[in-house]
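Have a look at input06.cif below; it lists mmCIF, C-alpha atoms (C1' of nucleotides).
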```cif
data_upload
#
loop_
_atom_site.label_atom_id
_atom_site.label_comp_id
_atom_site.auth_asym_id
_atom_site.auth_seq_id
_atom_site.Cartn_x
_atom_site.Cartn_y
_atom_site.Cartn_z
CA MET A 1 44.36 -15.52 -32.53
CA THR A 2 41.70 -13.56 -34.30
CA GLY A 3 41.19 -9.96 -33.44
CA GLU A 4 37.80 -10.56 -31.87
CA SER A 5 37.19 -8.58 -28.74
CA PRO A 6 33.63 -9.05 -27.48
CA LYS A 7 33.75 -6.01 -25.26
CA GLU A 8 34.25 -3.75 -28.23
CA GLN A 9 30.92 -2.67 -29.61
CA ARG A 10 30.34 -0.19 -32.29
CA ALA A 11 29.71 3.22 -30.82
CA ASP A 12 26.17 3.42 -32.16
CA ALA A 13 25.33 -0.02 -30.78
CA ARG A 14 26.55 0.91 -27.35
CA ARG A 15 24.63 4.17 -27.45
CA ASN A 16 21.45 2.47 -28.57
CA ARG A 17 21.66 -0.12 -25.84
CA GLU A 18 21.92 2.58 -23.22
CA ARG A 19 19.13 4.67 -24.71
CA ILE A 20 16.86 1.61 -24.64
CA LEU A 21 17.70 0.82 -21.04
CA ALA A 22 17.18 4.39 -19.90
CA VAL A 23 13.82 4.66 -21.64
CA ALA A 24 12.75 1.17 -20.54
CA ARG A 25 13.37 2.07 -16.93
CA GLY A 26 10.88 4.90 -17.19
CA VAL A 27 8.25 3.01 -19.16
CA VAL A 28 8.39 -0.08 -16.95
CA HIS A 29 8.10 2.18 -13.95
CA GLU A 30 4.92 3.63 -15.45
CA GLN A 31 3.34 0.56 -16.98
CA GLY A 32 4.86 -2.38 -15.14
CA THR A 33 6.68 -5.43 -16.47
CA GLU A 34 4.08 -5.94 -19.21
CA ALA A 35 4.89 -2.59 -20.81
CA SER A 36 4.79 -2.43 -24.60
CA LEU A 37 8.17 -3.18 -26.14
CA ARG A 38 7.09 -1.29 -29.24
CA ASP A 39 6.44 1.73 -27.08
CA ILE A 40 9.88 1.48 -25.53
CA ALA A 41 11.55 1.27 -28.94
CA ARG A 42 9.51 4.21 -30.16
CA ARG A 43 10.35 6.44 -27.23
CA ALA A 44 14.00 5.44 -27.47
CA GLU A 45 13.85 6.50 -31.14
CA VAL A 46 15.21 3.15 -32.17
CA GLY A 47 14.00 0.58 -34.67
CA LEU A 48 11.98 -2.26 -33.21
CA GLY A 49 14.52 -4.75 -34.50
CA THR A 50 17.26 -2.95 -32.63
CA LEU A 51 15.53 -3.52 -29.34
CA TYR A 52 15.22 -7.22 -30.18
CA ARG A 53 18.87 -7.41 -31.17
CA HIS A 54 20.01 -6.11 -27.80
CA PHE A 55 17.36 -7.86 -25.74
CA PRO A 56 16.04 -10.98 -27.45
CA THR A 57 13.29 -11.50 -24.86
CA ARG A 58 11.32 -9.30 -22.50
CA GLU A 59 12.98 -11.08 -19.61
CA ALA A 60 16.41 -10.27 -20.96
CA LEU A 61 15.47 -6.59 -20.88
CA LEU A 62 14.05 -6.89 -17.39
CA GLU A 63 17.14 -8.68 -16.24
CA ALA A 64 19.38 -5.86 -17.45
CA LEU A 65 17.05 -3.37 -15.81
CA LEU A 66 17.05 -5.16 -12.48
CA ARG A 67 20.59 -6.44 -12.24
CA GLN A 68 21.77 -3.39 -10.38
CA GLY A 69 19.06 -3.74 -7.75
CA PHE A 70 19.74 -7.46 -7.44
CA ASP A 71 23.43 -6.89 -6.89
CA ARG A 72 22.66 -4.30 -4.27
CA LEU A 73 20.36 -6.70 -2.43
CA ALA A 74 22.92 -9.49 -2.62
CA GLY A 75 25.45 -7.11 -1.09
CA ARG A 76 23.04 -6.26 1.68
CA ALA A 77 22.55 -9.93 2.46
CA GLU A 78 26.31 -10.35 2.66
CA ALA A 79 26.63 -7.42 5.03
CA LEU A 80 23.70 -8.50 7.17
CA GLY A 81 25.29 -11.95 7.40
CA GLU A 82 27.97 -10.39 9.53
CA SER A 83 25.47 -8.97 11.98
CA GLY A 84 25.47 -10.32 15.52
CA GLU A 85 21.69 -10.47 15.52
CA PRO A 86 20.65 -13.16 13.02
CA TYR A 87 16.92 -12.76 13.48
CA GLU A 88 16.94 -9.01 13.10
CA ALA A 89 19.23 -9.34 10.10
CA LEU A 90 16.81 -11.73 8.40
CA VAL A 91 13.85 -9.47 9.08
CA GLU A 92 15.69 -6.49 7.68
CA PHE A 93 16.70 -8.34 4.54
CA LEU A 94 13.17 -9.58 3.92
CA ARG A 95 11.88 -6.08 4.41
CA GLU A 96 14.23 -4.80 1.75
CA LEU A 97 13.46 -7.70 -0.57
CA ILE A 98 9.75 -6.99 -0.30
CA GLY A 99 10.35 -3.32 -0.96
CA GLY A 100 12.49 -4.17 -3.98
CA ALA A 101 9.97 -6.57 -5.46
CA GLY A 102 7.45 -3.75 -5.24
CA ALA A 103 9.60 -1.45 -7.37
CA TYR A 104 7.77 -2.34 -10.58
CA ARG A 105 4.25 -3.59 -10.95
CA GLY A 106 4.38 -7.24 -11.98
CA LEU A 107 7.91 -7.77 -10.76
CA ALA A 108 6.93 -10.13 -7.96
CA GLY A 109 5.14 -12.24 -10.56
CA SER A 110 8.22 -12.36 -12.78
CA MET A 111 10.31 -13.45 -9.84
CA MET A 112 7.96 -16.25 -8.89
CA ALA A 113 7.45 -17.47 -12.44
CA THR A 114 11.19 -17.69 -12.81
CA ILE A 115 11.50 -20.28 -10.05
CA SER A 116 10.20 -23.00 -12.34
CA ASP A 117 11.91 -21.73 -15.49
CA GLU A 118 15.63 -22.39 -15.52
CA GLN A 119 15.98 -20.89 -18.97
CA SER A 120 14.89 -17.45 -17.83
CA PRO A 121 17.59 -14.80 -17.70
CA LEU A 122 16.18 -13.88 -14.32
CA HIS A 123 16.76 -17.36 -12.97
CA ALA A 124 20.32 -16.72 -11.84
CA SER A 125 19.34 -13.57 -10.00
CA CYS A 126 16.50 -15.35 -8.23
CA MET A 127 18.74 -18.21 -7.24
CA ALA A 128 21.26 -15.76 -5.82
CA MET A 129 18.54 -14.05 -3.88
CA ARG A 130 17.17 -17.30 -2.52
CA SER A 131 20.60 -18.49 -1.49
CA ALA A 132 21.27 -15.20 0.22
CA ALA A 133 17.98 -15.44 2.06
CA GLY A 134 18.72 -19.07 2.81
CA ARG A 135 21.97 -18.27 4.59
CA LEU A 136 20.38 -15.58 6.72
CA LEU A 137 17.54 -17.99 7.43
CA GLU A 138 19.82 -20.77 8.60
CA ARG A 139 21.59 -18.48 11.02
CA ALA A 140 18.29 -17.40 12.52
CA GLN A 141 17.19 -21.03 12.74
CA ALA A 142 20.44 -22.03 14.43
CA GLU A 143 19.79 -19.31 16.96
CA GLY A 144 16.41 -20.89 17.61
CA ARG A 145 14.29 -17.90 16.64
CA ILE A 146 12.83 -19.38 13.45
CA ARG A 147 11.10 -22.73 12.94
CA GLU A 148 13.10 -25.47 11.31
CA ASP A 149 10.46 -26.52 8.78
CA ILE A 150 11.09 -23.60 6.44
CA ASP A 151 13.53 -23.22 3.59
CA GLY A 152 14.75 -20.35 1.45
CA THR A 153 12.19 -21.03 -1.24
CA ASP A 154 9.32 -20.77 1.23
CA LEU A 155 10.66 -17.48 2.44
CA PHE A 156 11.17 -16.15 -1.07
CA ALA A 157 7.65 -17.15 -2.03
CA LEU A 158 6.09 -15.49 0.99
CA ALA A 159 8.06 -12.29 0.47
CA ASN A 160 6.97 -12.10 -3.16
CA ALA A 161 3.39 -12.88 -2.21
CA LEU A 162 3.40 -9.92 0.16
CA SER A 163 4.75 -7.67 -2.56
CA TRP A 164 2.10 -8.98 -4.89
CA ILE A 165 -0.72 -7.99 -2.55
CA THR A 166 0.05 -4.29 -2.78
CA ASP A 167 0.91 -4.79 -6.42
CA GLN A 168 -2.67 -5.81 -7.13
CA ALA A 169 -4.46 -3.67 -4.58
CA PRO A 170 -2.48 -0.50 -3.87
CA SER A 171 -5.17 0.46 -1.37
CA LEU A 172 -3.76 -2.24 0.89
CA GLY A 173 -0.35 -0.61 0.89
CA SER A 174 -0.88 0.72 4.41
CA ARG A 175 -1.40 -2.84 5.64
CA ARG A 176 1.79 -4.22 4.14
CA ASP A 177 3.99 -3.84 7.20
CA HIS A 178 1.25 -5.27 9.32
CA LEU A 179 0.81 -8.34 7.10
CA PHE A 180 4.57 -8.78 7.07
CA GLY A 181 4.53 -8.83 10.86
CA LEU A 182 1.82 -11.48 10.87
CA VAL A 183 3.76 -13.71 8.53
CA MET A 184 6.96 -13.27 10.50
CA ASP A 185 5.15 -14.28 13.67
CA GLY A 186 4.13 -17.45 11.87
CA LEU A 187 7.77 -18.17 11.13
CA THR A 188 8.99 -17.78 14.65
CA ARG A 189 9.54 -20.89 16.64
CA ASP A 190 6.36 -21.95 18.40
CA PRO A 191 6.69 -21.97 22.14
CA GLU A 192 6.98 -25.57 23.21
CA MET B 193 -47.94 -0.99 -18.04
CA THR B 194 -45.97 -2.02 -21.09
CA GLY B 195 -45.65 -5.66 -21.92
CA GLU B 196 -41.94 -5.74 -21.22
CA SER B 197 -40.73 -8.89 -19.53
CA PRO B 198 -36.95 -8.88 -19.12
CA LYS B 199 -36.76 -12.56 -18.35
CA GLU B 200 -38.01 -13.47 -21.80
CA GLN B 201 -35.13 -13.80 -24.21
CA ARG B 202 -35.28 -14.95 -27.72
CA ALA B 203 -34.49 -18.64 -27.93
CA ASP B 204 -31.34 -18.14 -30.01
CA ALA B 205 -30.05 -15.51 -27.58
CA ARG B 206 -30.52 -17.78 -24.64
CA ARG B 207 -28.82 -20.65 -26.45
CA ASN B 208 -25.89 -18.49 -27.49
CA ARG B 209 -25.37 -17.25 -23.98
CA GLU B 210 -25.16 -20.78 -22.70
CA ARG B 211 -22.88 -21.94 -25.47
CA ILE B 212 -20.50 -19.10 -24.70
CA LEU B 213 -20.48 -19.87 -21.00
CA ALA B 214 -19.89 -23.57 -21.56
CA VAL B 215 -17.01 -22.95 -23.96
CA ALA B 216 -15.56 -20.16 -21.82
CA ARG B 217 -15.40 -22.49 -18.84
CA GLY B 218 -13.18 -24.83 -20.79
CA VAL B 219 -10.98 -22.19 -22.35
CA VAL B 220 -10.46 -20.27 -19.11
CA HIS B 221 -9.61 -23.55 -17.42
CA GLU B 222 -6.93 -24.12 -20.06
CA GLN B 223 -5.57 -20.61 -20.53
CA GLY B 224 -6.50 -18.74 -17.34
CA THR B 225 -8.42 -15.51 -16.87
CA GLU B 226 -6.49 -13.81 -19.68
CA ALA B 227 -7.79 -16.24 -22.28
CA SER B 228 -8.54 -14.83 -25.72
CA LEU B 229 -12.15 -13.70 -26.03
CA ARG B 230 -11.88 -14.11 -29.78
CA ASP B 231 -10.91 -17.71 -29.25
CA ILE B 232 -13.90 -18.28 -27.00
CA ALA B 233 -16.29 -16.77 -29.56
CA ARG B 234 -14.70 -18.86 -32.29
CA ARG B 235 -14.98 -22.14 -30.41
CA ALA B 236 -18.55 -21.31 -29.41
CA GLU B 237 -19.26 -20.77 -33.12
CA VAL B 238 -20.66 -17.36 -32.38
CA GLY B 239 -19.91 -13.94 -33.82
CA LEU B 240 -17.47 -11.85 -31.81
CA GLY B 241 -20.10 -9.17 -31.38
CA THR B 242 -22.45 -11.70 -29.84
CA LEU B 243 -20.01 -12.43 -27.08
CA TYR B 244 -19.71 -8.71 -26.38
CA ARG B 245 -23.47 -8.29 -26.38
CA HIS B 246 -23.89 -10.89 -23.66
CA PHE B 247 -20.77 -10.01 -21.71
CA PRO B 248 -19.70 -6.41 -22.27
CA THR B 249 -16.43 -6.88 -20.36
CA ARG B 250 -14.11 -9.74 -19.60
CA GLU B 251 -14.98 -9.38 -15.95
CA ALA B 252 -18.68 -9.75 -16.72
CA LEU B 253 -17.92 -13.07 -18.35
CA LEU B 254 -15.73 -14.15 -15.46
CA GLU B 255 -18.42 -13.15 -13.01
CA ALA B 256 -20.99 -15.33 -14.73
CA LEU B 257 -18.48 -18.15 -14.82
CA LEU B 258 -17.65 -17.87 -11.15
CA ARG B 259 -21.00 -17.00 -9.62
CA GLN B 260 -21.87 -20.62 -8.95
CA GLY B 261 -18.63 -21.23 -7.10
CA PHE B 262 -19.05 -18.00 -5.16
CA ASP B 263 -22.53 -18.93 -4.08
CA ARG B 264 -21.32 -22.33 -2.99
CA LEU B 265 -18.55 -20.79 -0.89
CA ALA B 266 -20.96 -18.30 0.66
CA GLY B 267 -23.18 -21.22 1.60
CA ARG B 268 -20.26 -23.03 3.14
CA ALA B 269 -19.44 -19.97 5.23
CA GLU B 270 -23.04 -19.85 6.42
CA ALA B 271 -22.97 -23.52 7.37
CA LEU B 272 -19.59 -23.27 9.06
CA GLY B 273 -20.90 -20.30 11.03
CA GLU B 274 -23.13 -22.75 12.89
CA SER B 275 -20.21 -24.90 13.89
CA GLY B 276 -19.37 -25.17 17.57
CA GLU B 277 -15.67 -24.82 16.81
CA PRO B 278 -15.09 -21.31 15.48
CA TYR B 279 -11.36 -21.68 14.88
CA GLU B 280 -11.64 -24.93 13.00
CA ALA B 281 -14.55 -23.49 11.00
CA LEU B 282 -12.44 -20.50 9.95
CA VAL B 283 -9.51 -22.68 8.95
CA GLU B 284 -11.75 -24.92 6.90
CA PHE B 285 -13.36 -21.98 5.11
CA LEU B 286 -10.00 -20.43 4.29
CA ARG B 287 -8.79 -23.76 3.00
CA GLU B 288 -11.75 -23.94 0.64
CA LEU B 289 -11.37 -20.30 -0.38
CA ILE B 290 -7.72 -20.88 -1.27
CA GLY B 291 -8.64 -23.97 -3.22
CA GLY B 292 -11.37 -22.08 -5.06
CA ALA B 293 -9.11 -19.16 -5.95
CA GLY B 294 -6.74 -21.69 -7.47
CA ALA B 295 -9.42 -23.01 -9.81
CA TYR B 296 -8.33 -20.80 -12.69
CA ARG B 297 -4.91 -19.33 -13.29
CA GLY B 298 -5.10 -15.59 -12.69
CA LEU B 299 -8.24 -15.78 -10.59
CA ALA B 300 -6.54 -14.72 -7.37
CA GLY B 301 -5.29 -11.66 -9.21
CA SER B 302 -8.76 -10.77 -10.43
CA MET B 303 -10.09 -11.10 -6.91
CA MET B 304 -7.43 -8.82 -5.45
CA ALA B 305 -7.68 -6.22 -8.20
CA THR B 306 -11.39 -6.04 -7.60
CA ILE B 307 -10.95 -4.86 -4.03
CA SER B 308 -10.07 -1.37 -5.23
CA ASP B 309 -12.50 -1.31 -8.16
CA GLU B 310 -16.11 -0.88 -7.09
CA GLN B 311 -17.29 -0.85 -10.68
CA SER B 312 -16.14 -4.39 -11.30
CA PRO B 313 -18.88 -6.99 -11.70
CA LEU B 314 -16.80 -9.16 -9.41
CA HIS B 315 -16.89 -6.57 -6.64
CA ALA B 316 -20.15 -7.78 -5.11
CA SER B 317 -18.93 -11.36 -5.00
CA CYS B 318 -15.69 -10.34 -3.34
CA MET B 319 -17.49 -8.25 -0.79
CA ALA B 320 -19.76 -11.18 0.03
CA MET B 321 -16.74 -13.41 0.42
CA ARG B 322 -14.95 -10.95 2.65
CA SER B 323 -18.01 -10.45 4.82
CA ALA B 324 -18.44 -14.20 5.15
CA ALA B 325 -14.80 -14.57 6.12
CA GLY B 326 -15.18 -11.60 8.45
CA ARG B 327 -17.99 -13.23 10.42
CA LEU B 328 -16.10 -16.47 10.84
CA LEU B 329 -13.05 -14.44 11.82
CA GLU B 330 -14.89 -12.50 14.52
CA ARG B 331 -16.19 -15.68 16.10
CA ALA B 332 -12.69 -17.12 16.25
CA GLN B 333 -11.41 -13.85 17.69
CA ALA B 334 -14.15 -13.80 20.31
CA GLU B 335 -13.07 -17.28 21.28
CA GLY B 336 -9.57 -15.92 21.74
CA ARG B 337 -7.85 -18.17 19.22
CA ILE B 338 -7.06 -15.43 16.69
CA ARG B 339 -5.33 -12.09 17.22
CA GLU B 340 -7.49 -9.01 17.35
CA ASP B 341 -5.44 -6.90 14.96
CA ILE B 342 -6.72 -8.60 11.83
CA ASP B 343 -9.75 -7.90 9.69
CA GLY B 344 -11.56 -9.69 6.89
CA THR B 345 -9.64 -7.84 4.22
CA ASP B 346 -6.29 -8.95 5.67
CA LEU B 347 -7.49 -12.51 5.67
CA PHE B 348 -8.84 -12.30 2.15
CA ALA B 349 -5.57 -10.80 0.91
CA LEU B 350 -3.46 -13.50 2.56
CA ALA B 351 -5.65 -16.29 1.22
CA ASN B 352 -5.40 -14.91 -2.31
CA ALA B 353 -1.67 -14.41 -1.95
CA LEU B 354 -1.30 -18.09 -1.07
CA SER B 355 -3.33 -19.08 -4.10
CA TRP B 356 -1.20 -16.79 -6.22
CA ILE B 357 2.01 -18.53 -5.18
CA THR B 358 1.04 -21.84 -6.73
CA ASP B 359 -0.58 -19.91 -9.55
CA GLN B 360 2.80 -18.53 -10.55
CA ALA B 361 4.99 -21.46 -9.58
CA PRO B 362 3.07 -24.72 -9.82
CA SER B 363 6.18 -26.50 -8.61
CA LEU B 364 5.45 -25.03 -5.19
CA GLY B 365 2.05 -26.70 -5.08
CA SER B 366 3.29 -29.31 -2.66
CA ARG B 367 4.26 -26.55 -0.23
CA ARG B 368 0.88 -24.84 -0.25
CA ASP B 369 -0.60 -26.54 2.77
CA HIS B 370 2.61 -26.00 4.63
CA LEU B 371 2.70 -22.28 3.84
CA PHE B 372 -0.95 -22.04 4.81
CA GLY B 373 -0.07 -23.55 8.17
CA LEU B 374 2.71 -21.02 8.67
CA VAL B 375 0.41 -18.11 7.97
CA MET B 376 -2.30 -19.50 10.24
CA ASP B 377 0.22 -19.78 13.04
CA GLY B 378 0.97 -16.11 12.54
CA LEU B 379 -2.70 -15.32 12.99
CA THR B 380 -3.13 -17.19 16.22
CA ARG B 381 -3.08 -15.21 19.40
CA ASP B 382 0.46 -14.80 20.64
CA PRO B 383 1.01 -16.31 24.04
CA GLU B 384 1.11 -13.46 26.51
"C1'" DA C 385 28.24 -5.39 -37.46
"C1'" DC C 386 24.45 -3.19 -36.82
"C1'" DC C 387 20.04 -0.78 -37.86
"C1'" DT C 388 15.49 -0.43 -39.95
"C1'" DG C 389 10.75 -1.07 -40.79
"C1'" DA C 390 7.56 -3.86 -43.43
"C1'" DA C 391 5.19 -8.23 -42.92
"C1'" DC C 392 2.74 -11.70 -40.37
"C1'" DA C 393 -0.28 -13.44 -37.07
"C1'" DC C 394 -2.40 -12.34 -33.41
"C1'" DC C 395 -5.25 -9.18 -29.86
"C1'" DG C 396 -9.66 -6.15 -27.78
"C1'" DT C 397 -13.35 -3.22 -29.03
"C1'" DT C 398 -16.80 -0.92 -31.85
"C1'" DC C 399 -20.40 -0.56 -35.01
"C1'" DA C 400 -22.94 -0.49 -39.62
"C1'" DA C 401 -25.40 -3.82 -41.93
"C1'" DG C 402 -28.20 -7.58 -41.97
"C1'" DT C 403 -32.28 -10.95 -40.35
"C1'" DA D 404 -34.07 -8.05 -30.72
"C1'" DC D 405 -30.34 -10.12 -31.88
"C1'" DC D 406 -26.44 -11.72 -34.75
"C1'" DT D 407 -22.45 -10.96 -37.74
"C1'" DG D 408 -17.98 -9.82 -39.29
"C1'" DA D 409 -15.31 -6.04 -41.22
"C1'" DA D 410 -12.70 -2.15 -39.53
"C1'" DC D 411 -9.59 0.11 -36.40
"C1'" DA D 412 -5.83 0.50 -33.44
"C1'" DC D 413 -3.02 -1.89 -31.10
"C1'" DC D 414 0.38 -6.08 -29.83
"C1'" DG D 415 5.00 -9.47 -30.21
"C1'" DT D 416 8.18 -11.46 -33.31
"C1'" DT D 417 10.82 -12.25 -37.50
"C1'" DC D 418 13.61 -11.15 -41.24
"C1'" DA D 419 15.05 -9.22 -45.95
"C1'" DA D 420 17.12 -5.15 -47.20
"C1'" DG D 421 20.02 -1.60 -46.36
"C1'" DT D 422 24.50 1.01 -44.46
#
```
Rendering of file as structure tokens:
Amino acid sequence: MTGESPKEQRADARRNRERILAVARGVVHEQGTEASLRDIARRAEVGLGTLYRHFPTREALLEALLRQGFDRLAGRAEALGESGEPYEALVEFLRELIGGAGAYRGLAGSMMATISDEQSPLHASCMAMRSAAGRLLERAQAEGRIREDIDGTDLFALANALSWITDQAPSLGSRRDHLFGLVMDGLTRDPE
Amino acid sequence: MTGESPKEQRADARRNRERILAVARGVVHEQGTEASLRDIARRAEVGLGTLYRHFPTREALLEALLRQGFDRLAGRAEALGESGEPYEALVEFLRELIGGAGAYRGLAGSMMATISDEQSPLHASCMAMRSAAGRLLERAQAEGRIREDIDGTDLFALANALSWITDQAPSLGSRRDHLFGLVMDGLTRDPE
DNA sequence: ACCTGAACACCGTTCAAGT
DNA sequence: ACCTGAACACCGTTCAAGT
């Protein structure tokens, strides 16, 4: 076999990749998901082409930036799946998902747009998230606390929509928990 | 007094303004609220500076584009306010508001962003809309069909958030009515 | 193998020069 | 009074040239 070993990168390449990610985290935090890639390359003191070599699309960069948070959320879903209180577990997960989607301005939009786009590097992460939510949802439905006519995609969309509200109008941030409560009440089984 | 009469415009000015609006309607329909202003000027066969003279900001152009629809919605709210069925009137108005906010891609976002920005030309229209919704809301609350812990801004935010969902992920369009129903159920008075 | 920056085709916005 | 387009300062993306 040839001596190729994909995990071996040249030292400068590896260093550049990490510089870019570190800088990008800060810039995206300041400017949101539409931050200037040129600006990121500049602040990372790296050629513009270098940024493109490591992250061929903006979404690829975002994906690298967000993967850690996604993994953490997936882990939380796993843990909450063990809980003896399915409804409370679902509520807690959604609360954390909404908080996470509010981490960067524009993130909720990226998440939603990715639903339709299977090519997006973020697609896998979103799928994982929706499946995780779906499992918690089914448990809560089996328990009878949540209506049957809802699926994981509905839930994911509503959670992102709530994040989006404070994304667009930060002045409504104080209402976020309240609006979340309203939506959750809509999801509970109607009294028959 | 001086002979100034602001309603008199030079014929070419008036014609240009209308050309721009007509073209902008089409382009914004195609490309959403972030459409290229240059492109609009080009297609209207008008100098770029002319567009800026008539509409100093993108929001000013949007406002002119949307005013008609806003007025129509305000009229609907007025008419529905006469209805003998406050709850049904509110639901119908929200349904039309959500449909209207889905007219152009990005419109829901403009509406939400305008809540915090009093300088925006769209601010007056949004205020009018929220007041209209607020009056219908209060009637439905007085009737006891809607919870008391909601105000017009909450309602406006939720309606825009629902529009935004299909804005971002058109594939979820078929779920829109369903999600609207869920949210409405959350707004109804909980059984005590 | 990787980095670099010039080059290209776009933007939004302003403003001196024209009629 | 109004129109025009060049000028400026930005973008994202690609790619020939370097090491």
If the PyMOL selection byres ((chain D and resi 412) around 10) were run on this exact file, what residues would it hold? Put them as a PDB file with C-alpha atoms (C1' of nucleotides), keeping the file's coordinate frame.
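And here is the file that came out, result.pdb:
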```
ATOM      1  C1'  DG C 396      -9.660  -6.150 -27.780  1.00  0.00           C
ATOM      2  C1'  DT C 397     -13.350  -3.220 -29.030  1.00  0.00           C
TER       3       DT C 397
ATOM      4  C1'  DA D 410     -12.700  -2.150 -39.530  1.00  0.00           C
ATOM      5  C1'  DC D 411      -9.590   0.110 -36.400  1.00  0.00           C
ATOM      6  C1'  DC D 413      -3.020  -1.890 -31.100  1.00  0.00           C
ATOM      7  C1'  DC D 414       0.380  -6.080 -29.830  1.00  0.00           C
TER       8       DC D 414
END
```
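Reported to one decimal place, the separation of CA of Glu30 in chain A from CA of Ser174 in chain A is 20.9 Å.
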Interface rows for chain A against chain C: nearest pair, Å to one decimal, 10 Å, only C-alpha atoms (C1' of nucleotides), as JSON lines:
```
{"residue": "A:Gln9", "atom": "CA", "partner": "C:DA385", "partner_atom": "C1'", "distance": 8.7}
{"residue": "A:Arg10", "atom": "CA", "partner": "C:DA385", "partner_atom": "C1'", "distance": 7.6}
{"residue": "A:Asp12", "atom": "CA", "partner": "C:DC386", "partner_atom": "C1'", "distance": 8.3}
{"residue": "A:Ala13", "atom": "CA", "partner": "C:DC386", "partner_atom": "C1'", "distance": 6.9}
{"residue": "A:Asn16", "atom": "CA", "partner": "C:DC387", "partner_atom": "C1'", "distance": 9.9}
{"residue": "A:Val46", "atom": "CA", "partner": "C:DC387", "partner_atom": "C1'", "distance": 8.4}
{"residue": "A:Gly47", "atom": "CA", "partner": "C:DT388", "partner_atom": "C1'", "distance": 5.6}
{"residue": "A:Leu48", "atom": "CA", "partner": "C:DG389", "partner_atom": "C1'", "distance": 7.8}
{"residue": "A:Gly49", "atom": "CA", "partner": "C:DT388", "partner_atom": "C1'", "distance": 7.0}
{"residue": "A:Thr50", "atom": "CA", "partner": "C:DC387", "partner_atom": "C1'", "distance": 6.3}
{"residue": "A:Arg53", "atom": "CA", "partner": "C:DC386", "partner_atom": "C1'", "distance": 9.0}
```
*With the file shown as input, list the residues that the PyMOL selection byres ((chain B) within 9 of (chain A)) selects, as a PyMOL selection string.*
chain B and resi 301-302+304-308+341-342+345-346+349-350+352-354+356-357+359-364+367+370-371+373-380+382-383
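Atom pair CA of Ser125 in chain A / CA of Glu63 in chain A has a distance of 8.2 Å (rounded to one decimal).
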*Mind pulling up the distance from CA of Arg207 in chain B to CA of Ala233 in chain B?*
13.5 Å
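The residue that comes closest to Leu213 in chain B, out of B:Leu253, B:Ile338, B:Leu328, B:Ala227 and on the basis of all atoms listed in the file, is B:Leu253.
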*Which residues, written as a PyMOL selection string, have at least one atom at most 9 Å from Tyr87 in chain A, with all atoms listed in the file counted and residues fewer than 2 positions away on the same chain left out?*
chain A and resi 85+89-92+136-137+139-141+143+145-146
*Name every residue that the PyMOL selection byres ((chain A and resi 104) around 8) selects in this structure, writing the answer as a PyMOL selection string with chains first and numbers rising.*
chain A and resi 28-29+32-33+101-103+105-107
